[in-house]
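One structure is given below, encoded as structure tokens.
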Amino acid sequence: MLNAVGQAQNILLLGGTSEIGLAIVNEFLSRGPARVTLATRADSPRIDAAVAEVKAAGASEVKILDFDATDFDSHPAVIDEAFAHGDVDIAIVAFGTLGDQEELWQDQAKAVASAQINFTGPLSVGVLLGQRFKAQGHGTIVALSSVAGVRVRRSNFVYGAAKAGLDGFYTQLGEALHDSGAKVLVVRPGQVRTKMSASAKPAPLTVNREDVAAATFKAVIEGKDIIFVHPAFQLVTTAFNFIPRQIFRRLPI
Ligand SMILES: NC(=O)c1ccc[n+]([C@@H]2O[C@H](COP(=O)([O-])OP(=O)(O)OC[C@H]3O[C@@H](n4cnc5c(N)ncnc54)[C@H](OP(=O)(O)O)[C@@H]3O)[C@@H](O)[C@H]2O)c1
């Protein structure tokens, strides 16, 4: 359970090498040591760096779990293992891929693979986490959504459609858990400077992963259910809803 200063005892990061996910873990560790579980593909070249990063940030113990977002049958065992040491205070769903958006909408196999990583995988672990959090009656599931999923745009609609699905699922998972004591926080960053966005065109209102982490920590402590990391996105995405499709199509975003 989080204590008065927001110190966690057990943190689970699904997408255990995600730069944003690790920044969120570090933000919690800055309030005091915690046991950290990194659920990540066994062949990821980034595992050693992720372990070193959370140890340097103050993790009292680091456990690695083999996790593939699209190996759905393995997910129940992964989540069982993640809870083997007891309750999880913060579970962060941070895996995902961006990919080449112009290729994705024209390549059926690649589009299906992208949707499985960005939507079906998060739904699969979300159902399992939901049952665990409902039973323990406390803690927060943090789901990394995106502004791209709030109004899906022509420029990245395969990714955006999956994020829209993820966003809808986790928003309503929060509603379903409303009376349980557990919470769900949906985080909707715009572009964030990480490996994932390194080859994307520079976008307005881009933030650093530390900004996502600070906003996420604050929102968890305040018990919020949805946040836009850059405050301007709240207004921008509201405005999107009033722009007719014929004009929206011509915007350079
Ligand atoms: N960066 C942005 O601009 C931005 C903006 C809005 C939202 N987001 C969202 O924030 C989340 C984290 O992104 P990030 O910027 O931290 O990206 P990142 O550093 O590239 O992290 C992506 C993570 O997903 C994992 N992953 C990819 N495919 C997987 C699979 N099949 N099974 C298991 N893990 C898999 C990667 O593991 P490996 O080490 O094995 O590759 C890595 O841990 C994502 O959901 C992303 O959509 C990012």
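Each chain of the structure tokens is named A, B, ... in the order shown, its residues numbered from 1; ligands are numbered from 1 in display order.
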
*Enumerate residues in contact with ligand 1: an atom-to-atom distance of at most 6 Å, counting only C-alpha atoms and all ligand atoms. Format the result as JSON, numbers by chain.*
{"A": [15, 16, 17, 18, 19, 20, 21, 40, 41, 44, 46, 67, 68, 69, 70, 94, 95, 96, 97, 117, 144, 145, 146, 189, 190, 191, 192, 193, 194, 195, 196, 197]}

*Write out as a count of residues only which residues come within 8 Å of Ser155 in chain A when counting only C-alpha atoms, dropping same-chain ones fewer than 2 positions away.*
5

_Pairwise distance for CA of Gly168 in chain A and CA of Asn241 in chain A, rounded to one decimal in Å_ =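 Answer for the CA of Gly168 in chain A to CA of Asn241 in chain A separation: 16.5 Å.
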
*If we count only C-alpha atoms, what is near Ala84 in chain A at a cut-off of 12 Å, once residues fewer than 2 positions away on the same chain are taken out, given as a list in words?*
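Contacts, in chain order: Asn10, Leu12, Arg35, Thr37, Lys63, Leu65, Ala77, Val78, Ile79, Asp80, Glu81, Ala82, Gly86, Asp87, Val88 and Arg132 of chain A.
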
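Counting only C-alpha atoms, the residue from A:Asn208, A:Gln7, A:Gln246, A:Ser74 that sits nearest to Ser30 in chain A is A:Gln7.
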
*Which residues in range 9-153 of chain A does DSSP call alpha helix (DSSP H)? List them as a VMD selection string.*
chain A and resid 19 to 29 47 to 57 75 to 82 101 to 104 108 to 115 121 to 136

*Considering only C-alpha atoms, return as a list in words whatever protein or nucleic-acid residues lie within 10 Å of Phe233 in chain A, sequence-local ones (same chain, fewer than 4 positions apart) excluded.*
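Residues near the query, excluding close chain neighbours: Val147, Arg188, Pro189, Gly190, Leu205, Ile227, Phe228, Val229, Thr237, Thr238 and Ala239 of chain A.
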
Keeping only C-alpha atoms, write those residues as an mmCIF file, in the first residue's frame.
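Here's the written file part_16.cif:
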```
data_model
loop_
_atom_site.group_PDB
_atom_site.id
_atom_site.type_symbol
_atom_site.label_atom_id
_atom_site.label_comp_id
_atom_site.auth_asym_id
_atom_site.auth_seq_id
_atom_site.Cartn_x
_atom_site.Cartn_y
_atom_site.Cartn_z
ATOM 1 C CA VAL A 147 -3.269 11.682 -27.416
ATOM 2 C CA ARG A 188 -2.439 10.305 -22.400
ATOM 3 C CA PRO A 189 0.908 11.844 -23.362
ATOM 4 C CA GLY A 190 1.489 13.575 -26.671
ATOM 5 C CA LEU A 205 4.076 20.088 -27.087
ATOM 6 C CA ILE A 227 -4.538 12.817 -17.387
ATOM 7 C CA PHE A 228 -3.085 14.594 -20.377
ATOM 8 C CA VAL A 229 0.578 15.137 -19.545
ATOM 9 C CA THR A 237 -8.230 17.507 -27.981
ATOM 10 C CA THR A 238 -11.496 19.155 -26.958
ATOM 11 C CA ALA A 239 -11.117 21.503 -29.932
#
```

_Nearest-residue call for Asp73 in chain A, choices A:Gly99, A:Pro202, A:Gly137, A:Gly121, using only C-alpha atoms_ =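 Nearest candidate to Asp73 in chain A out of A:Gly99, A:Pro202, A:Gly137, A:Gly121: A:Gly121.
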
*Using DSSP on the backbone coordinates, identify all residues within range 81-120 of chain A classified as strand (DSSP E); present the result as a list of chain:residue names.*
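So the strand (DSSP E) residues in range 81-120 of chain A would be A:Ile90, A:Ala91, A:Ile92, A:Val93.
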
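The list of residues with at least one atom within 8 Å of Val62 in chain A, based on only C-alpha atoms and without residues fewer than 2 positions apart in the same chain, reads Arg35, Val36, Thr37, Leu38, Val51, Val54, Lys55, Ala59, Ser60 and Ile64 of chain A.
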
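Closest approach to Phe240 in chain A among A:Ile47, A:Ala148, A:Ala113, A:Lys218 is made by A:Ala148 (distances from only C-alpha atoms).
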
*Give the answer as one residue: which of A:Leu2, A:Leu13, A:Thr216, A:Ala115 has the shortest atom-to-atom distance to Leu166 in chain A, using only C-alpha atoms?*
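Of all the options, A:Ala115 lies closest to Leu166 in chain A.
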